[in-house]
Each structure stands twice: as structure tokens, then as C-alpha cells.
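Reproduced below: query_27.cif, with mmCIF, C-alpha atoms.
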data_start
loop_
_atom_site.label_atom_id
_atom_site.label_comp_id
_atom_site.auth_asym_id
_atom_site.auth_seq_id
_atom_site.Cartn_x
_atom_site.Cartn_y
_atom_site.Cartn_z
CA MET A 1 96.24 101.06 118.14
CA GLY A 2 94.25 100.84 114.91
CA LEU A 3 92.18 103.99 115.43
CA VAL A 4 95.19 105.93 116.71
CA THR A 5 97.19 104.90 113.63
CA LEU A 6 94.37 105.93 111.28
CA ILE A 7 93.96 109.33 112.92
CA LEU A 8 97.71 109.95 113.17
CA SER A 9 98.31 108.94 109.56
CA SER A 10 95.54 111.27 108.36
CA ILE A 11 96.97 114.15 110.40
CA MET A 12 100.49 113.52 109.09
CA ILE A 13 99.27 113.50 105.49
CA VAL A 14 97.42 116.81 105.94
CA ILE A 15 100.33 118.46 107.78
CA SER A 16 102.96 117.29 105.28
CA GLN A 17 100.69 118.33 102.42
CA LYS A 18 100.36 121.86 103.79
CA ILE A 19 104.11 122.14 104.34
CA PHE A 20 104.90 120.96 100.82
CA LEU A 21 102.32 123.31 99.31
CA LYS A 22 103.64 126.24 101.36
CA LYS A 23 107.19 125.49 100.22
CA LYS A 24 105.85 125.00 96.66
CA ILE A 25 107.29 121.49 96.51
CA ILE A 26 104.86 119.98 94.04
CA ASP A 27 104.96 117.17 91.50
CA ILE A 28 105.60 118.99 88.24
CA ILE A 29 103.32 117.84 85.42
CA ASN A 30 105.28 116.66 82.36
CA ASP A 31 105.00 114.13 79.53
CA ARG A 32 105.55 111.27 82.01
CA SER A 33 102.82 112.37 84.40
CA SER A 34 99.62 110.37 84.76
CA HIS A 35 97.79 113.23 86.51
CA ALA A 36 96.57 116.63 85.37
CA SER A 37 96.06 118.45 88.68
CA ILE A 38 98.29 119.72 91.48
CA ALA A 39 99.90 116.89 93.43
CA ILE A 40 102.59 116.64 96.08
CA ARG A 41 104.90 113.78 96.95
CA SER A 42 104.68 113.68 100.73
CA GLY A 43 102.98 110.31 101.27
CA GLY A 44 106.18 108.59 102.31
CA ILE A 45 106.96 111.26 104.90
CA ALA A 46 103.46 110.84 106.37
CA ILE A 47 103.79 107.04 106.63
CA PHE A 48 107.26 107.18 108.18
CA SER A 49 106.21 109.93 110.60
CA THR A 50 103.31 107.74 111.72
CA LEU A 51 105.63 104.77 112.23
CA PHE A 52 108.16 106.88 114.09
CA LEU A 53 105.66 108.56 116.42
CA ILE A 54 103.89 105.29 117.28
CA SER A 55 107.16 103.45 117.93
CA THR A 56 108.59 106.35 119.98
CA SER A 57 105.51 106.78 122.17
CA ASN A 58 105.36 103.04 122.85
CA TYR A 59 109.07 102.89 123.58
CA LEU A 60 108.74 105.67 126.17
CA ILE A 61 106.10 103.71 128.09
CA GLY A 62 108.05 100.46 127.85
CA ASN A 63 106.16 98.72 125.03
CA THR A 64 107.91 97.04 122.10
CA VAL A 65 105.42 97.11 119.24
CA PHE A 66 107.94 95.84 116.68
CA ASP A 67 111.70 95.65 116.20
CA TYR A 68 112.58 99.34 116.07
CA SER A 69 115.96 98.62 114.45
CA VAL A 70 114.15 98.42 111.08
CA LEU A 71 113.60 102.18 111.30
CA LEU A 72 117.31 102.88 110.76
CA PRO A 73 117.77 101.57 107.18
CA VAL A 74 114.17 102.51 106.36
CA GLY A 75 114.73 106.04 107.69
CA LEU A 76 117.88 106.37 105.58
CA MET A 77 115.88 105.47 102.47
CA VAL A 78 113.17 107.99 103.39
CA VAL A 79 115.75 110.78 103.73
CA VAL A 80 117.37 109.87 100.40
CA GLY A 81 113.96 109.68 98.73
CA LEU A 82 112.84 113.01 100.18
CA TYR A 83 116.02 114.69 98.96
CA ASP A 84 115.41 113.17 95.54
CA ASP A 85 111.80 114.41 95.52
CA ILE A 86 113.05 117.96 96.11
CA TYR A 87 116.42 118.14 94.34
CA ASN A 88 116.54 115.10 91.98
CA VAL A 89 119.42 112.96 93.22
CA ASP A 90 121.64 111.20 90.69
CA PHE A 91 120.69 107.52 90.49
CA LYS A 92 124.30 106.51 91.24
CA LEU A 93 124.14 108.26 94.61
CA LYS A 94 120.79 106.64 95.40
CA PHE A 95 122.31 103.28 94.46
CA ILE A 96 125.18 103.81 96.93
CA PHE A 97 122.78 104.65 99.77
CA GLN A 98 120.67 101.62 98.90
CA ILE A 99 123.74 99.42 99.33
CA ILE A 100 124.47 101.10 102.68
CA ALA A 101 120.88 100.47 103.81
CA ALA A 102 121.20 96.85 102.62
CA LYS A 103 124.34 96.36 104.72
CA MET A 104 122.54 97.86 107.74
CA ILE A 105 119.74 95.31 107.27
CA ILE A 106 122.26 92.47 107.02
CA ASP A 107 124.03 93.66 110.18
CA ASN A 108 120.68 93.42 111.97
CA GLY A 109 120.79 89.67 111.32
CA LEU A 110 118.71 89.34 108.16
CA ILE A 111 120.62 87.54 105.43
CA ILE A 112 119.89 84.99 102.71
CA ASP A 113 122.22 82.12 103.58
CA ASN A 114 119.92 79.32 102.37
CA LEU A 115 118.21 79.03 98.97
CA HIS A 116 115.87 76.31 100.28
CA GLY A 117 116.60 73.93 97.41
CA PHE A 118 115.99 76.51 94.66
CA PHE A 119 117.95 75.24 91.62
CA GLY A 120 119.17 72.49 93.95
CA VAL A 121 121.03 74.95 96.20
CA PHE A 122 120.63 75.05 99.97
CA GLU A 123 123.19 76.70 102.28
CA VAL A 124 125.66 79.25 100.85
CA ASN A 125 128.84 80.66 102.38
CA ARG A 126 128.89 83.98 104.26
CA ILE A 127 130.50 86.13 101.55
CA LEU A 128 128.22 84.86 98.79
CA ALA A 129 125.25 85.20 101.14
CA GLN A 130 126.02 88.90 101.72
CA ILE A 131 126.43 89.56 97.98
CA ILE A 132 123.15 87.79 97.18
CA THR A 133 121.34 89.59 100.01
CA ILE A 134 122.55 93.05 98.98
CA PHE A 135 121.54 92.31 95.38
CA ILE A 136 118.06 91.15 96.46
CA ILE A 137 117.49 94.16 98.74
CA VAL A 138 118.57 96.71 96.13
CA ALA A 139 116.54 94.93 93.43
CA ILE A 140 113.38 94.93 95.57
CA ILE A 141 113.80 98.59 96.54
CA ASN A 142 114.12 99.59 92.89
CA ALA A 143 111.34 97.26 91.74
CA VAL A 144 108.87 98.89 94.15
CA ASN A 145 110.17 102.32 93.16
CA PHE A 146 109.63 101.49 89.47
CA ILE A 147 105.95 100.56 89.88
CA ASP A 148 105.07 103.80 91.64
CA GLY A 149 103.75 105.34 88.44
CA ILE A 150 99.97 105.38 88.73
CA ASP A 151 97.52 106.05 91.57
CA GLY A 152 97.41 103.39 94.26
CA LEU A 153 99.52 100.75 92.50
CA ALA A 154 102.56 100.58 94.79
CA ILE A 155 100.58 100.66 98.04
CA SER A 156 98.13 98.07 96.64
CA ILE A 157 100.96 95.69 95.71
CA VAL A 158 102.65 96.18 99.08
CA SER A 159 99.31 95.77 100.93
CA MET A 160 98.69 92.46 99.13
CA PHE A 161 102.22 91.33 99.98
CA LEU A 162 101.85 92.20 103.68
CA ILE A 163 98.47 90.46 103.98
CA LEU A 164 99.65 87.25 102.28
CA PHE A 165 102.91 87.33 104.26
CA GLU A 166 100.98 87.21 107.53
CA PHE A 167 98.19 84.97 106.23
CA ILE A 168 100.30 82.00 105.16
CA ALA A 169 102.64 82.12 108.18
CA LEU A 170 102.13 79.20 110.56
CA ASP A 171 102.43 81.42 113.64
CA GLN A 172 102.10 85.14 114.27
CA THR A 173 105.24 86.83 112.98
CA PRO A 174 107.27 89.46 114.88
CA PHE A 175 106.20 91.87 112.12
CA ASN A 176 102.48 91.49 112.85
CA ASN A 177 102.06 94.85 114.62
CA LEU A 178 104.18 96.61 112.02
CA THR A 179 102.00 95.09 109.30
CA ILE A 180 98.83 96.34 110.99
CA ILE A 181 100.25 99.84 111.41
CA LEU A 182 101.34 99.98 107.77
CA LEU A 183 98.04 98.70 106.37
CA ILE A 184 96.02 101.17 108.44
CA SER A 185 98.34 104.07 107.59
CA PHE A 186 97.78 103.30 103.89
CA VAL A 187 94.02 103.90 104.16
CA PRO A 188 94.04 107.75 104.17
CA LEU A 189 96.82 107.69 101.57
CA PHE A 190 94.56 105.70 99.23
CA TYR A 191 91.97 108.45 99.58
CA PHE A 192 94.44 111.27 98.90
CA ASN A 193 96.01 109.26 96.08
CA TYR A 194 92.76 108.86 94.18
CA ARG A 195 91.11 112.23 94.82
CA ASN A 196 90.80 114.57 91.83
CA LYS A 197 92.34 117.68 93.41
CA ASN A 198 95.23 118.21 95.84
CA LYS A 199 96.45 114.66 95.34
CA VAL A 200 99.14 113.16 97.55
CA PHE A 201 101.61 110.70 96.04
CA LEU A 202 104.07 108.39 97.78
CA GLY A 203 107.02 110.15 96.21
CA ASP A 204 110.48 108.60 96.16
CA SER A 205 110.54 108.89 99.95
CA GLY A 206 107.49 106.61 100.03
CA SER A 207 108.48 104.13 97.35
CA LEU A 208 111.98 103.71 98.83
CA LEU A 209 110.38 103.36 102.27
CA LEU A 210 108.04 100.61 101.08
CA GLY A 211 110.76 98.94 99.01
CA SER A 212 113.12 98.72 101.97
CA LEU A 213 110.34 97.40 104.23
CA VAL A 214 109.33 94.76 101.68
CA SER A 215 112.97 93.66 101.39
CA ILE A 216 113.13 93.20 105.17
CA TYR A 217 109.94 91.11 105.10
CA VAL A 218 111.32 89.03 102.22
CA LEU A 219 114.56 88.30 104.08
CA TYR A 220 112.59 87.17 107.11
CA ALA A 221 110.31 85.03 104.90
CA LEU A 222 113.40 83.27 103.55
CA SER A 223 114.82 82.64 107.02
CA ASN A 224 114.34 79.48 109.06
CA GLU A 225 112.22 81.39 111.58
CA TYR A 226 109.42 81.93 109.05
CA ILE A 227 107.37 78.76 108.71
CA ILE A 228 104.66 78.46 106.06
CA LYS A 229 101.41 76.72 106.95
CA PRO A 230 101.49 73.05 105.82
CA ARG A 231 98.41 73.59 103.62
CA PHE A 232 100.48 75.97 101.47
CA ASP A 233 102.84 73.55 99.75
CA ILE A 234 105.20 76.08 98.24
CA ASN A 235 108.94 76.72 98.11
CA LYS A 236 109.80 79.94 99.97
CA ILE A 237 111.62 81.52 97.02
CA ILE A 238 108.77 80.64 94.66
CA PHE A 239 106.39 82.17 97.21
CA VAL A 240 108.35 85.44 97.18
CA PHE A 241 108.51 85.48 93.37
CA SER A 242 104.80 84.78 93.05
CA ILE A 243 103.65 87.33 95.60
CA LEU A 244 105.89 90.02 94.07
CA SER A 245 105.39 88.85 90.50
CA TYR A 246 104.32 92.21 89.06
CA PRO A 247 107.17 94.39 90.36
CA ILE A 248 109.69 91.67 89.46
CA ILE A 249 108.33 91.21 85.92
CA ASP A 250 107.94 94.93 85.26
CA PHE A 251 111.35 95.81 86.73
CA THR A 252 113.15 93.10 84.73
CA ARG A 253 111.33 93.98 81.51
CA ILE A 254 111.87 97.75 81.70
CA PHE A 255 115.48 97.41 82.93
CA PHE A 256 116.62 95.37 79.94
CA LYS A 257 114.43 97.29 77.48
CA ARG A 258 116.11 100.56 78.41
CA ILE A 259 119.56 98.99 78.04
CA ILE A 260 118.66 97.50 74.64
CA ASP A 261 117.30 100.88 73.54
CA GLY A 262 120.64 102.45 74.47
CA GLY A 263 119.38 104.43 77.47
CA SER A 264 119.96 104.41 81.20
CA PRO A 265 118.04 101.63 82.98
CA PHE A 266 117.21 104.15 85.73
CA LEU A 267 115.94 106.96 83.49
CA ALA A 268 112.17 107.23 84.05
CA ASP A 269 109.76 106.81 81.13
CA LYS A 270 106.18 105.68 80.41
CA ASN A 271 106.98 102.24 79.01
CA HIS A 272 105.98 100.30 82.11
CA ILE A 273 103.28 97.65 81.85
CA HIS A 274 100.93 99.75 83.99
CA HIS A 275 101.38 102.70 81.63
CA LYS A 276 100.49 100.50 78.65
CA LEU A 277 97.38 99.27 80.45
CA LEU A 278 96.46 102.82 81.45
CA ASN A 279 96.62 103.94 77.82
CA TYR A 280 94.16 101.17 76.95
CA TYR A 281 91.72 101.33 79.88
CA ASN A 282 92.15 105.01 80.85
CA SER A 283 91.38 104.23 84.50
CA HIS A 284 93.88 103.95 87.36
CA ILE A 285 91.49 101.88 89.48
CA VAL A 286 90.82 99.41 86.64
CA VAL A 287 94.54 98.97 85.94
CA VAL A 288 95.36 98.44 89.61
CA THR A 289 92.51 95.93 89.90
CA ILE A 290 93.80 94.00 86.85
CA ILE A 291 97.35 93.88 88.20
CA ILE A 292 96.35 92.84 91.73
CA SER A 293 93.97 90.18 90.37
CA SER A 294 96.70 88.83 88.09
CA SER A 295 99.17 88.74 90.99
CA ILE A 296 96.74 86.78 93.16
CA ILE A 297 96.13 84.31 90.32
CA ILE A 298 99.89 83.81 89.89
CA PHE A 299 100.22 83.22 93.64
CA VAL A 300 97.41 80.65 93.59
CA LEU A 301 98.83 78.84 90.57
CA SER A 302 102.35 78.83 92.03
CA GLN A 303 101.33 76.64 94.95
CA GLY A 304 99.07 74.29 93.06
CA PHE A 305 95.74 75.26 94.64
CA ASN A 306 96.70 73.35 97.79
CA PHE A 307 95.00 75.90 100.05
CA LEU A 308 91.68 74.86 98.50
CA ASN A 309 92.09 71.25 99.58
#

For this file, write the structure as C-alpha cells.
Amino acid sequence: MGLVTLILSSIMIVISQKIFLKKKIIDIINDRSSHASIAIRSGGIAIFSTLFLISTSNYLIGNTVFDYSVLLPVGLMVVVGLYDDIYNVDFKLKFIFQIIAAKMIIDNGLIIDNLHGFFGVFEVNRILAQIITIFIIVAIINAVNFIDGIDGLAISIVSMFLILFEFIALDQTPFNNLTIILLISFVPLFYFNYRNKNKVFLGDSGSLLLGSLVSIYVLYALSNEYIIKPRFDINKIIFVFSILSYPIIDFTRIFFKRIIDGGSPFLADKNHIHHKLLNYYNSHIVVVTIIISSSIIIFVLSQGFNFLN
């Protein structure tokens, strides 16, 4: 499955790139751009196409690689993101579709109905649980979308999240195959992301895809079915906060900064932490390395170094 995923993902990236170039759907260079050469935003389409083709082919021969129901809300986000990449959708409309996708995820049985003692709160009632869950899903989707501003950052953060999610689980999770497919499909995208010419970005289709997937993983991590290895003595909510520390910190900071400055919290700019670091270090790889290293340190500190004992 690994080699097939790698080959299929590479093919999908090349095909989608050619289609976007033929249709002249390119990422226009402006004052917010962090690149100076032609780039297209088809990475998300390539990843979703890979997921869809692998799941469909396995379904036809009677194999269940992962829970295919996740493709419905994720697919909705991909379509909304693709439309935004081409026509620039109003953020209010994207927000509505994010809520719809969140409700679809909840209806699939993933809901935060227990805060696991966070702030002394355990079980919550159904209505409050749905409100909290929708808020968390929408926040995660936008947080991942917000950090997709420099080469390789979003897929690096998500890759780290997926690896740690599986690594600290006591038993193999039902998302294990999906995690493997995603991580392998990211490999060619890393290459196209960092190349100097004919770059391929995630685009909104990709960042909304990854954001919705991460939210699904988070909801499962907070459920009773997800059990953390005893050696990792950490509260589940603290685990989620630590492993997603950068997108949470950056999203919260930029959201309130834009409101204080009198602007729209969803109007893109270059005031993100990664943009500040890029201005100083002038290297996408260095900035991504710093952020990933910092995130890992925060994760380690959050659970008191127990995994070293």
C-alpha cells in the first residue's frame, strides 16, 4: 500500500498541476506572497484524489482500509477550498460550510462529551457537547488554514501530529491506515512545495482538508476509545493543546490582533509568527525546523518527561 500511495500521490500532483497550469489557475504573487516564482494551489486536490482512489479501489474488492465516512465532511471542505482557490469565497460562506462539515462529523459519532477533568469538568450534556464540538472543529480547521503561509509548514505540523497521535496510543487506532496513507502522500508534496520552479502549494482545498482531518483525529483522541500509553502521564486535552501548540498559539494571537487593529480576523496578512521568523532567518526550511522543534519541546514538557523514565 505504501508504494502504491507514493506513486499515486505523485501522479495526482503532476496531473493536477498540468490541469491548473492549462487553465491558468495559479497563485498570484502579491505583497503577502512568500514565493517569487510560478506556483499553483493543487496540493489538496492531489491528496484527496489519492485518498479517494485508494479507498474506492479497496472498497470494490471488499477491503475496509479506514472508515470511509470521514471522506464526506472532508470532501465538502476540499470542494469549498477549491472554489475559494479559484474564485475567492467570502469567509462567511466558508464559515457556514465549516459548521455543516462539523455537524456531519458529529453525526458520525464523534463528539466531545467529556472534558476529562480539564478545569475540573468531566461529562457535559448533549447540547453543550455539540456546541463545544462544533467550536473545536471550526477552530482547528481555521488554525491549520492560518498556518499554511510558508513552504512545508502545514504538512509538517500535521505530519508531527499524526505520528505522535499513533505513537502514544496504547493500541493501534482505527485511523492507522489512514495515517500511513496521508504521511506517504505528503512526501511528493514536500518535494513540489520546496522546489524553486513550478511549485505546488496545498491551497485552501489542502489546508481545509488537513484541518478537517486533524479535527476528526482530535475528537477521537478525546473519546473513551483512545487510550494513551501509561508511560505518557498526560491529560488528553493537554496532549491535544501541546501537540497542536503552534497553530493554536498563532491562530489565537493573529485572531485577536486583527480585531484589536480594527480589521477582519479572517483577512489574510503577513503578521503570523512564521512570517516574522521568515523575515529574520530568510529560509523556509529553517523556520519550519524551529517551529517543529519548539512544538516537540512543548509536547515533552507538557507530560513531564515521563516517557524518558

- Task: For Asn271 (chain A), work out the shell of residues within 12 Å, counting only C-alpha atoms and skipping chain neighbours fewer than 6 positions away, then give it as number ranges by chain.
- Result: A: 32, 146-147, 149, 250-251, 253-258, 261, 265, 277-279

Tell me which residues the PyMOL selection byres ((chain A and resi 296) around 10) grabs here, as a PDB file with C-alpha atoms, in the coordinates of the input.
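Just written: selection_29.pdb:
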ATOM      1  CA  MET A 160      98.690  92.460  99.130  1.00  0.00           C
ATOM      2  CA  PHE A 161     102.220  91.330  99.980  1.00  0.00           C
ATOM      3  CA  LEU A 164      99.650  87.250 102.280  1.00  0.00           C
ATOM      4  CA  SER A 242     104.800  84.780  93.050  1.00  0.00           C
ATOM      5  CA  ILE A 243     103.650  87.330  95.600  1.00  0.00           C
ATOM      6  CA  LEU A 244     105.890  90.020  94.070  1.00  0.00           C
ATOM      7  CA  SER A 245     105.390  88.850  90.500  1.00  0.00           C
ATOM      8  CA  ILE A 291      97.350  93.880  88.200  1.00  0.00           C
ATOM      9  CA  ILE A 292      96.350  92.840  91.730  1.00  0.00           C
ATOM     10  CA  SER A 293      93.970  90.180  90.370  1.00  0.00           C
ATOM     11  CA  SER A 294      96.700  88.830  88.090  1.00  0.00           C
ATOM     12  CA  SER A 295      99.170  88.740  90.990  1.00  0.00           C
ATOM     13  CA  ILE A 297      96.130  84.310  90.320  1.00  0.00           C
ATOM     14  CA  ILE A 298      99.890  83.810  89.890  1.00  0.00           C
ATOM     15  CA  PHE A 299     100.220  83.220  93.640  1.00  0.00           C
ATOM     16  CA  VAL A 300      97.410  80.650  93.590  1.00  0.00           C
ATOM     17  CA  LEU A 301      98.830  78.840  90.570  1.00  0.00           C
ATOM     18  CA  SER A 302     102.350  78.830  92.030  1.00  0.00           C
TER      19      SER A 302
END

- Message: If we draw a sphere of 12 Å around (118.9, 93.1, 94.8), which residues have at least one atom in it when counting all atoms listed in the file? Please report them as a PyMOL selection string.
- Response: chain A and resi 95+98-99+101-103+112+129-144+211-212+214-216+218-219+248+251-252

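Picture a line from CA of Val65 (chain A) to CA of Asn193 (chain A); it runs 27.8 Å.
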
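Distance-wise, CA of Ile54 (chain A) and CA of Arg41 (chain A) end up 22.1 Å apart.
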